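Visitor: Okay, handing you the structure first.
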Amino acid sequence: MLRASSLYAAIDLGSNSFHMLVVREVSGSIQVVTRIKRKVRLAAGLDKKNHLSQQAMERGWQCLRLFSEYLQDIPASQIRVVATATLRLAENSGEFVRKASEILGTPVNVISGEEEAQLIYQGVAHTTGGSEKRLVVDIGGASTELVTGVGAKASQLFSLEMGCVTWLERYFNDRSLTEENFANAEAAAHDMLNAVATGLLEQGWKICVGASGTVQALQEIMIAQGMDELITLPKLQQLKQQAIECGKLEELEIDGLTLERALVFPSGLAILIAIFQALHIESMILAGGALREGLVYGMLDLPIEQDIRARTLCNVQHRFRLDIGQAQRVKQLAENFCQQVTPSWKLDERCRELLASACLLHEIGLFIDFHQGPAHSAYLINHLDLPGYTPSQKRLLATLLKNQSGPVDLTSLSQQNAVSLLQAQRLCRLLRLAIIFASRRRDDTLPALRLQAENETLTITLPHQWQVNHPLRTEALQQEMKWQSYVQWLLFLEEQNHARLG
């Protein structure tokens, strides 16, 4: 039974939705105990004089009554409740906040736009992998936060009064998905961005991270439509055209877009298009956390690791008692193979990092059972919380581990969208070979071999007499040639001063 003192709760009273996150600390990270989200659309209750309607407040209070039951078991010092853009704007926010605090039994803090941006950045820094030099974008219901920073330190923070709910009411209030409405919404967003674009561009960044419901919706759409996980301006423009073809908000149907997100998706999309254009963003990935994670990590006062993924991998290895030495051997071989074939296969840094992660986790399924180990590995990775990895990257890792041995399931490789199908197939082949060659589980048995790639044909050159001296691994390699040939992957073996087999 969980002790109450081990729990921490963060509640975000957003302009579109109210969220509650309850966690406990585990090995320097957080373990989610529960997440509750309710669509309140508070911003829709603001009139032109910024008066919040009684109906909107009642919707909010009713949601908080649900949240309050869970909070009764958590110490007040381990609860943070913040309200954002709509309650910053509402001239009668005091009335809402007073009753909300009574319902929850804990203070509700209306935070400034700058503080909101800072918390979002902290949440991203604690949960999202990639370069430390980043731009963070969060499109909320009534405000949009833009933050640049390096590591744990934010360098520029901006909060703009535009969001998917307010832009819906202003530019799509006739519920028409027309070129004109999109153009007006984008132009208005550009006007807001003009004041901050120069300052942000001067900071520079190596990775752009999206931390909003709009970006989450885009990820779901891209998975459904077979696109990779990187959000780009051409993809946004393509989805805008799909929306325009639907004509009306009530008739909006895009593969992968849920009914829950459909109402505010076009307005959020228009804002995001303007952000991409104004800031010359090449690509964006989905954040692993944002405001609520920033709140809970702030309460726990945990340091921000420079490499979130390294922390995650270390935690998982220890939790599931993996053989770290063996994982390192497989990783070492895979990295060596990668270097040898990269001139032809052009596997970029992102691919190499994901291959290394798969190597370090490939035996996790043994924690359950040897039989169907690859399937167990895939299941665990699919369902574990892995800070630093996007949902698409988790899906790729699970797919690689599912295909680490035995017959190759090409369908599963095609269903991930972290990398292209061709890249996923190449990573899969290198992982399988590294596992075979490291199977003796000793450093001094790793062969000095050469791996060459010509298009999709791989040739392994082994030391002279290696196959005679290592019959078990030779048998495994010969079986591997068959497995790969069944999916039209050509693999050949040869020895120095010896004939080629294949």
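Starting from 1 in every chain, residues are counted up; chains themselves are A, B, ... following the order of the structure tokens, and ligands are numbered from 1 as listed.
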Using backbone DSSP assignments, extract all strand (DSSP E or B) residues from segment 282-447 of chain A; output them as number ranges by chain.
Guide: A: 284-286, 388
Visitor: What lies within 6 Å of segment 189-202 of chain A using only C-alpha atoms, ignoring chain neighbours under 2 positions off, as a list in words?
Guide: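 The filter keeps Glu186, Ala187, Gly204, Ile271 and Ala274 of chain A.
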Visitor: Please produce a file of those selected residues containing C-alpha atoms, as a PDB file, in the first residue's frame.
Guide:
ATOM      1  CA  GLU A 186      -2.176  32.769 -39.256  1.00  0.00           C
ATOM      2  CA  ALA A 187      -1.799  36.502 -39.926  1.00  0.00           C
ATOM      3  CA  GLY A 204      19.519  29.666 -31.675  1.00  0.00           C
ATOM      4  CA  ILE A 271      -0.913  29.100 -34.777  1.00  0.00           C
ATOM      5  CA  ALA A 274       2.733  30.761 -38.106  1.00  0.00           C
TER       6      ALA A 274
END
Visitor: Hey, could you make a per-residue contact list for segment 60-85 of chain A against segment 275-294 of chain A with 12 Å as the cut-off, showing the nearest pair of atoms and its distance in Å to one decimal, counting only C-alpha atoms, sorted by chain and number, as CSV?
Guide:
residue,atom,partner,partner_atom,distance
A:Ile79,CA,A:Arg292,CA,11.1
A:Arg80,CA,A:Arg292,CA,9.1
A:Val81,CA,A:Arg292,CA,9.3
A:Val82,CA,A:Arg292,CA,9.2
A:Ala83,CA,A:Leu291,CA,10.9
A:Thr84,CA,A:Leu291,CA,10.3
Visitor: Since we have the selection now, will you write its residues out, keeping N, CA, C and O atoms, as an mmCIF file, in the first residue's frame?
Guide:
data_model
loop_
_atom_site.group_PDB
_atom_site.id
_atom_site.type_symbol
_atom_site.label_atom_id
_atom_site.label_comp_id
_atom_site.auth_asym_id
_atom_site.auth_seq_id
_atom_site.Cartn_x
_atom_site.Cartn_y
_atom_site.Cartn_z
ATOM 1 N N ILE A 79 1.416 19.209 -2.857
ATOM 2 C CA ILE A 79 0.418 19.511 -3.884
ATOM 3 C C ILE A 79 0.693 20.918 -4.414
ATOM 4 O O ILE A 79 0.929 21.848 -3.634
ATOM 5 N N ARG A 80 0.672 21.080 -5.727
ATOM 6 C CA ARG A 80 0.739 22.409 -6.325
ATOM 7 C C ARG A 80 -0.379 22.528 -7.343
ATOM 8 O O ARG A 80 -0.569 21.654 -8.189
ATOM 9 N N VAL A 81 -1.113 23.625 -7.236
ATOM 10 C CA VAL A 81 -2.214 23.903 -8.154
ATOM 11 C C VAL A 81 -1.960 25.262 -8.784
ATOM 12 O O VAL A 81 -1.795 26.259 -8.069
ATOM 13 N N VAL A 82 -1.916 25.302 -10.115
ATOM 14 C CA VAL A 82 -1.682 26.567 -10.803
ATOM 15 C C VAL A 82 -2.769 26.799 -11.844
ATOM 16 O O VAL A 82 -3.313 25.863 -12.431
ATOM 17 N N ALA A 83 -3.077 28.063 -12.036
ATOM 18 C CA ALA A 83 -4.021 28.472 -13.080
ATOM 19 C C ALA A 83 -3.270 29.336 -14.073
ATOM 20 O O ALA A 83 -2.351 30.081 -13.707
ATOM 21 N N THR A 84 -3.664 29.251 -15.339
ATOM 22 C CA THR A 84 -2.874 29.901 -16.383
ATOM 23 C C THR A 84 -3.663 31.006 -17.097
ATOM 24 O O THR A 84 -4.342 31.793 -16.453
#
Visitor: Tell me which protein, DNA and RNA residues are within 6 Å of segment 459-466 of chain A, counting only C-alpha atoms, leaving out same-chain ones fewer than 5 positions away, and put them as a PyMOL selection string.
Guide: chain A and resi 449-452+491-496
Visitor: Write out, as a PDB file, in the first residue's frame, the residues just selected, with all heavy atoms.
Guide:
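Dumped to result_20.pdb:
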ATOM      1  N   LEU A 449      35.967  -8.510 -37.407  1.00  0.00           N
ATOM      2  CA  LEU A 449      35.336  -8.776 -38.698  1.00  0.00           C
ATOM      3  C   LEU A 449      35.087  -7.479 -39.449  1.00  0.00           C
ATOM      4  O   LEU A 449      35.102  -6.392 -38.869  1.00  0.00           O
ATOM      5  CB  LEU A 449      34.032  -9.555 -38.515  1.00  0.00           C
ATOM      6  CG  LEU A 449      32.928  -8.915 -37.655  1.00  0.00           C
ATOM      7  CD1 LEU A 449      32.047  -7.989 -38.471  1.00  0.00           C
ATOM      8  CD2 LEU A 449      32.079  -9.992 -37.007  1.00  0.00           C
ATOM      9  N   ARG A 450      34.837  -7.611 -40.730  1.00  0.00           N
ATOM     10  CA  ARG A 450      34.535  -6.453 -41.565  1.00  0.00           C
ATOM     11  C   ARG A 450      33.124  -6.604 -42.126  1.00  0.00           C
ATOM     12  O   ARG A 450      32.749  -7.681 -42.596  1.00  0.00           O
ATOM     13  CB  ARG A 450      35.550  -6.333 -42.705  1.00  0.00           C
ATOM     14  CG  ARG A 450      35.370  -5.057 -43.520  1.00  0.00           C
ATOM     15  CD  ARG A 450      36.546  -4.793 -44.457  1.00  0.00           C
ATOM     16  NE  ARG A 450      36.562  -5.744 -45.563  1.00  0.00           N
ATOM     17  CZ  ARG A 450      37.475  -6.715 -45.712  1.00  0.00           C
ATOM     18  NH1 ARG A 450      38.432  -6.868 -44.794  1.00  0.00           N
ATOM     19  NH2 ARG A 450      37.430  -7.542 -46.731  1.00  0.00           N
ATOM     20  N   LEU A 451      32.361  -5.533 -42.042  1.00  0.00           N
ATOM     21  CA  LEU A 451      30.987  -5.544 -42.549  1.00  0.00           C
ATOM     22  C   LEU A 451      30.875  -4.490 -43.639  1.00  0.00           C
ATOM     23  O   LEU A 451      31.194  -3.316 -43.422  1.00  0.00           O
ATOM     24  CB  LEU A 451      30.004  -5.239 -41.403  1.00  0.00           C
ATOM     25  CG  LEU A 451      28.514  -5.297 -41.744  1.00  0.00           C
ATOM     26  CD1 LEU A 451      28.099  -6.709 -42.142  1.00  0.00           C
ATOM     27  CD2 LEU A 451      27.674  -4.837 -40.541  1.00  0.00           C
ATOM     28  N   GLN A 452      30.442  -4.904 -44.802  1.00  0.00           N
ATOM     29  CA  GLN A 452      30.302  -3.988 -45.928  1.00  0.00           C
ATOM     30  C   GLN A 452      28.855  -3.971 -46.400  1.00  0.00           C
ATOM     31  O   GLN A 452      28.177  -5.006 -46.397  1.00  0.00           O
ATOM     32  CB  GLN A 452      31.206  -4.417 -47.092  1.00  0.00           C
ATOM     33  CG  GLN A 452      32.690  -4.307 -46.799  1.00  0.00           C
ATOM     34  CD  GLN A 452      33.524  -4.885 -47.920  1.00  0.00           C
ATOM     35  OE1 GLN A 452      33.520  -6.086 -48.152  1.00  0.00           O
ATOM     36  NE2 GLN A 452      34.244  -4.012 -48.618  1.00  0.00           N
ATOM     37  N   LEU A 491      22.372 -11.353 -47.290  1.00  0.00           N
ATOM     38  CA  LEU A 491      23.463 -11.404 -46.331  1.00  0.00           C
ATOM     39  C   LEU A 491      24.436 -12.487 -46.774  1.00  0.00           C
ATOM     40  O   LEU A 491      24.028 -13.631 -47.019  1.00  0.00           O
ATOM     41  CB  LEU A 491      22.929 -11.705 -44.927  1.00  0.00           C
ATOM     42  CG  LEU A 491      23.971 -11.934 -43.816  1.00  0.00           C
ATOM     43  CD1 LEU A 491      24.793 -10.674 -43.572  1.00  0.00           C
ATOM     44  CD2 LEU A 491      23.282 -12.386 -42.522  1.00  0.00           C
ATOM     45  N   PHE A 492      25.710 -12.152 -46.889  1.00  0.00           N
ATOM     46  CA  PHE A 492      26.733 -13.110 -47.303  1.00  0.00           C
ATOM     47  C   PHE A 492      27.839 -13.180 -46.253  1.00  0.00           C
ATOM     48  O   PHE A 492      28.171 -12.180 -45.606  1.00  0.00           O
ATOM     49  CB  PHE A 492      27.357 -12.702 -48.647  1.00  0.00           C
ATOM     50  CG  PHE A 492      26.372 -12.705 -49.789  1.00  0.00           C
ATOM     51  CD1 PHE A 492      25.784 -11.519 -50.211  1.00  0.00           C
ATOM     52  CD2 PHE A 492      26.036 -13.893 -50.430  1.00  0.00           C
ATOM     53  CE1 PHE A 492      24.863 -11.519 -51.259  1.00  0.00           C
ATOM     54  CE2 PHE A 492      25.123 -13.903 -51.481  1.00  0.00           C
ATOM     55  CZ  PHE A 492      24.544 -12.716 -51.895  1.00  0.00           C
ATOM     56  N   LEU A 493      28.414 -14.377 -46.114  1.00  0.00           N
ATOM     57  CA  LEU A 493      29.560 -14.602 -45.233  1.00  0.00           C
ATOM     58  C   LEU A 493      30.758 -14.987 -46.087  1.00  0.00           C
ATOM     59  O   LEU A 493      30.629 -15.767 -47.038  1.00  0.00           O
ATOM     60  CB  LEU A 493      29.290 -15.743 -44.253  1.00  0.00           C
ATOM     61  CG  LEU A 493      28.206 -15.576 -43.189  1.00  0.00           C
ATOM     62  CD1 LEU A 493      28.143 -16.841 -42.351  1.00  0.00           C
ATOM     63  CD2 LEU A 493      28.484 -14.377 -42.315  1.00  0.00           C
ATOM     64  N   GLU A 494      31.921 -14.465 -45.720  1.00  0.00           N
ATOM     65  CA  GLU A 494      33.154 -14.905 -46.355  1.00  0.00           C
ATOM     66  C   GLU A 494      34.276 -14.812 -45.332  1.00  0.00           C
ATOM     67  O   GLU A 494      34.162 -14.120 -44.324  1.00  0.00           O
ATOM     68  CB  GLU A 494      33.473 -14.063 -47.596  1.00  0.00           C
ATOM     69  CG  GLU A 494      33.716 -12.595 -47.331  1.00  0.00           C
ATOM     70  CD  GLU A 494      33.968 -11.796 -48.607  1.00  0.00           C
ATOM     71  OE1 GLU A 494      33.538 -12.249 -49.684  1.00  0.00           O
ATOM     72  OE2 GLU A 494      34.585 -10.718 -48.510  1.00  0.00           O
ATOM     73  N   GLU A 495      35.323 -15.571 -45.599  1.00  0.00           N
ATOM     74  CA  GLU A 495      36.492 -15.508 -44.739  1.00  0.00           C
ATOM     75  C   GLU A 495      37.669 -14.957 -45.531  1.00  0.00           C
ATOM     76  O   GLU A 495      37.701 -15.040 -46.752  1.00  0.00           O
ATOM     77  CB  GLU A 495      36.853 -16.900 -44.207  1.00  0.00           C
ATOM     78  CG  GLU A 495      35.900 -17.420 -43.152  1.00  0.00           C
ATOM     79  CD  GLU A 495      36.403 -18.712 -42.514  1.00  0.00           C
ATOM     80  OE1 GLU A 495      37.465 -19.222 -42.944  1.00  0.00           O
ATOM     81  OE2 GLU A 495      35.741 -19.194 -41.579  1.00  0.00           O
ATOM     82  N   GLN A 496      38.602 -14.406 -44.840  1.00  0.00           N
ATOM     83  CA  GLN A 496      39.827 -13.957 -45.501  1.00  0.00           C
ATOM     84  C   GLN A 496      40.492 -15.162 -46.172  1.00  0.00           C
ATOM     85  O   GLN A 496      40.638 -16.210 -45.546  1.00  0.00           O
ATOM     86  CB  GLN A 496      40.779 -13.342 -44.477  1.00  0.00           C
ATOM     87  CG  GLN A 496      40.253 -12.035 -43.876  1.00  0.00           C
ATOM     88  CD  GLN A 496      41.126 -11.508 -42.761  1.00  0.00           C
ATOM     89  OE1 GLN A 496      42.151 -12.097 -42.434  1.00  0.00           O
ATOM     90  NE2 GLN A 496      40.717 -10.412 -42.161  1.00  0.00           N
TER      91      GLN A 496
END
Visitor: Where does segment 407-496 of chain A meet segment 340-356 of chain A within 10 Å, residue by residue, with the nearest atom pair and distance in Å to one decimal for each, counting only C-alpha atoms, listed by chain and rising number, as CSV?
Guide:
residue,atom,partner,partner_atom,distance
A:Ala418,CA,A:Cys351,CA,9.2
A:Val419,CA,A:Cys351,CA,7.6
A:Leu422,CA,A:Trp345,CA,9.5
A:Gln423,CA,A:Leu347,CA,7.2
A:Ala424,CA,A:Cys351,CA,8.5
A:Arg426,CA,A:Trp345,CA,8.0
A:Leu427,CA,A:Leu355,CA,6.2
A:Cys428,CA,A:Leu355,CA,8.3
A:Leu430,CA,A:Leu355,CA,8.4
A:Leu431,CA,A:Leu355,CA,7.2
A:Arg450,CA,A:Gln340,CA,7.5
A:Leu451,CA,A:Gln340,CA,6.1
A:Gln452,CA,A:Val341,CA,5.8
A:Ala453,CA,A:Val341,CA,5.5
A:Glu454,CA,A:Ser344,CA,6.7
A:Asn455,CA,A:Ser344,CA,7.1
A:Glu456,CA,A:Trp345,CA,8.5
A:Leu458,CA,A:Val341,CA,8.8
Visitor: Excluding Gln55 of chain A and any residue of its chain fewer than 4 positions from it, enumerate the residues within 12 Å of it, using only C-alpha atoms, and give them as a ChimeraX atom specification.
Guide: /A:40-46,51,59-62,96
Visitor: With only C-alpha atoms as the basis for distance, which of A:Asp409, A:Glu91, A:Glu260, A:Asp323 is at the shortest distance from His362 of chain A?
Guide: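 Nearest candidate to His362 of chain A out of A:Asp409, A:Glu91, A:Glu260, A:Asp323: A:Asp323.
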